[in-house]
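Notes to accompany the following structure.
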Amino acid sequence: MATSTFTILLFVAVIVCADALQCIVGNEYNCTAHDVAYARHCEQLEARNQVFVVKTCLAGQDKCLLFASKLSFILSNLVLFLVEETFDLQLITASCGTGTLDGCNNRQELLAINPRFGQITQGILTTSWNDDFSGPGYEYDLLDVCVCDTDVCVDVDKLSGYENTVFGRRFTTVAGNQLQCITGKELNCTAHDTAYVEYCEQLQSRNTEYAEQTCSEGQDKCLLFASKLSFKDKFDLQLIIAACGTGTLQGCNNRQELLAINPSFGQIDEFSGQGYEYEILDVCVCSTKLCVDENKLSDFQKIIFGNYTNFLRGHLLVVGILMSIGTFLAG
């Protein structure tokens with residue numbers, strides 16, 4: 001197979017910017033050889049895998065690029081009636097580049113722009129990865145391309161979505177690009193049974209001031225949830241928790257909406273089971289820097305406590321998250 005610099009989209013324009021563009025770059029290959037003759041080829045492809053990181057692009061590179069593909073190479077011999085699948089390849093590449101297109105296109109849309117864009121080949125998109133998967137025998141199950149021109153516009157969410165499409169799993173985080181979230185917790189517990197006085201004191205001892213925090217590796221969501229609940233006639237609890245986490249939900253949902261998504265989402269793990277009654281359970285989950293902001297936190301405080309405070313007074317790290325909501329924090 002020929003190896004050449006590959007392109008996606010008539011990359012002929014060169015624009016030199018005063019402020020260099022920043023993009024997520026890296027690549028991921030998963031190659032399965034069905035013929036021993038291609039085992040070494042697959043090893044060489046997978047040896048090119050690079051961790052996704054945020055990098056400053058070179059002068060003249062004015063676009064961030066992300067593309068994903070599932071393809072196979074099938075060798076046919078009609079004389080011998082032989083059809084042999086020699087290898088399958090799944091790949092994702094994120095890179096700096098140049099070009100005239102913007103936005104995302106699937107293979108059908110790429111073919112409509114130019115029939116040559118239906119395969120990864122020389123002349124479609126100049127990047128630092130040297131690949132050519134074109135010509136007779138190549139079959140494409142998937143070829144998606146996204147191109148944009150602002151800092152990290154091909155972001156972790158987009159990368160995660162492509163990984164889920166191509167590899168059946170979601171990406172966690174990008175080195176040097178960890179998420180930042182407001183974190184902290186606020187609990188107000190009222191005991192109606194003397195046996196629960198100490199329990200309420202222990203809950204309230206976990207309160208921490210709200211602060212901006214850089215999330216740990218693998219934590220790709222900011223979470224904010226608020227609740228009013230009671231346990232029989234033993235105690236009442238009002239709480240707000242802001243934290244880093246992981247999960248599949250996006251946006252804000254009240255308890256009714258959470259129950260419709262999954263009945264197990266109607267209670268907080270630590271306060272679940274018979275005897276617990278919920279007046280309020282609201283949850284917000286998002287995946288960009290400080291997307292759960294001070295305004296959202298203030299709104300929740302007024303709903304739960306009837307007032308709001310000045311937050312971000314300190315920069316205390318959360319020692320531990322008191323509770324989680326099933327899949328939200330477990331992923």
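Quick note on naming: the chains in the structure tokens go A, B, ... in the order shown, residues restart at 1 in each chain, and ligands are numbered from 1 in order of appearance.
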Residue list (helix (DSSP H, G or I), DSSP) for segment 153-250 of chain A, as number ranges by chain: A: 156-167, 194-204
Those in segment 24-188 of chain A with strand (DSSP E or B) from DSSP, as a VMD selection string: chain A and resid 24 to 33 50 to 56 63 to 77 82 to 97 103 to 105 120 to 122 130 133 138 to 148 175 180 to 188
Polymer residues at most 8 Å from Phe225 of chain A, only C-alpha atoms, same-chain spacing of 5 or more positions, as a list in words: Ile240, Ile241, Ala242, Leu281, Asp282, Val283 and Cys284 of chain A
From A:Ser272, A:Leu249, A:Cys222, A:Val154, residue lying nearest Lys296 of chain A [only C-alpha atoms]: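 Of A:Ser272, A:Leu249, A:Cys222, A:Val154, the one nearest Lys296 of chain A, counting only C-alpha atoms, is A:Cys222.
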Computed interatomic separation between atom CA of Thr288 of chain A and atom CA of Cys215 of chain A (Å):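 A separation of 11.5 Å between them.
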Do a neighbour search on His192 of chain A at 9 Å with only C-alpha atoms, toss out local chain neighbours closer than 3 positions, and write the hits as a short mmCIF file (atom, residue, chain, number, x, y, z; two decimals) with N, CA and C atoms, in the first residue's frame.
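Saved as around08.cif:
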```
data_model
loop_
_atom_site.label_atom_id
_atom_site.label_comp_id
_atom_site.auth_asym_id
_atom_site.auth_seq_id
_atom_site.Cartn_x
_atom_site.Cartn_y
_atom_site.Cartn_z
N ALA A 195 -32.53 10.13 68.43
CA ALA A 195 -31.57 9.13 67.97
C ALA A 195 -30.84 9.59 66.71
N TYR A 196 -31.37 10.63 66.02
CA TYR A 196 -30.79 11.09 64.76
C TYR A 196 -30.07 12.43 64.90
N VAL A 197 -29.95 12.95 66.12
CA VAL A 197 -29.27 14.23 66.31
C VAL A 197 -27.80 14.11 65.90
N ASP A 233 -40.46 10.08 60.18
CA ASP A 233 -40.52 11.28 61.03
C ASP A 233 -39.21 11.45 61.79
N LYS A 234 -38.13 10.87 61.23
CA LYS A 234 -36.84 10.85 61.93
C LYS A 234 -36.01 12.10 61.65
N PHE A 235 -35.93 12.50 60.36
CA PHE A 235 -35.17 13.71 60.05
C PHE A 235 -35.59 14.26 58.69
N ASP A 236 -35.35 15.57 58.51
CA ASP A 236 -35.50 16.26 57.22
C ASP A 236 -34.11 16.69 56.76
#
```
Shell of 12 Å around segment 177-181 of chain A, only C-alpha atoms, local chain residues under 2 positions omitted, as a count of residues only: 54
Computed interatomic separation between atom CA of Arg48 of chain A and atom CA of Asn114 of chain A (Å):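 Atom CA of Arg48 of chain A sits 28.5 Å away from atom CA of Asn114 of chain A.
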Surrounding residues of Glu46 of chain A excluding itself and chain neighbours under 6 positions, 9 Å, only C-alpha atoms, as a ChimeraX atom specification: /A:28-31
Those same residues - N, CA, C and O atoms - I'd like them written as a PDB file, in the first residue's frame.
```pdb
ATOM      1  N   GLU A  28      -5.700   7.265  17.086  1.00  0.00           N
ATOM      2  CA  GLU A  28      -6.001   5.974  17.695  1.00  0.00           C
ATOM      3  C   GLU A  28      -6.377   5.000  16.574  1.00  0.00           C
ATOM      4  O   GLU A  28      -7.324   5.223  15.838  1.00  0.00           O
ATOM      5  N   TYR A  29      -5.603   3.935  16.463  1.00  0.00           N
ATOM      6  CA  TYR A  29      -5.858   2.900  15.473  1.00  0.00           C
ATOM      7  C   TYR A  29      -6.174   1.588  16.181  1.00  0.00           C
ATOM      8  O   TYR A  29      -5.536   1.239  17.173  1.00  0.00           O
ATOM      9  N   ASN A  30      -7.132   0.877  15.649  1.00  0.00           N
ATOM     10  CA  ASN A  30      -7.409  -0.492  16.093  1.00  0.00           C
ATOM     11  C   ASN A  30      -7.526  -1.352  14.839  1.00  0.00           C
ATOM     12  O   ASN A  30      -8.485  -1.242  14.083  1.00  0.00           O
ATOM     13  N   CYS A  31      -6.525  -2.182  14.604  1.00  0.00           N
ATOM     14  CA  CYS A  31      -6.421  -2.941  13.360  1.00  0.00           C
ATOM     15  C   CYS A  31      -6.473  -4.438  13.658  1.00  0.00           C
ATOM     16  O   CYS A  31      -5.772  -4.920  14.545  1.00  0.00           O
TER      17      CYS A  31
END
```
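Residue nearest Asn188 of chain A within the list A:Cys104, A:Leu229, A:Leu111, A:Leu71: A:Leu229 [criterion: smallest interatomic distance, only C-alpha atoms].
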Within 7 Å of segment 199-206 of chain A using only C-alpha atoms, minus same-chain residues under 5 positions, as a ChimeraX atom specification: /A:187-191
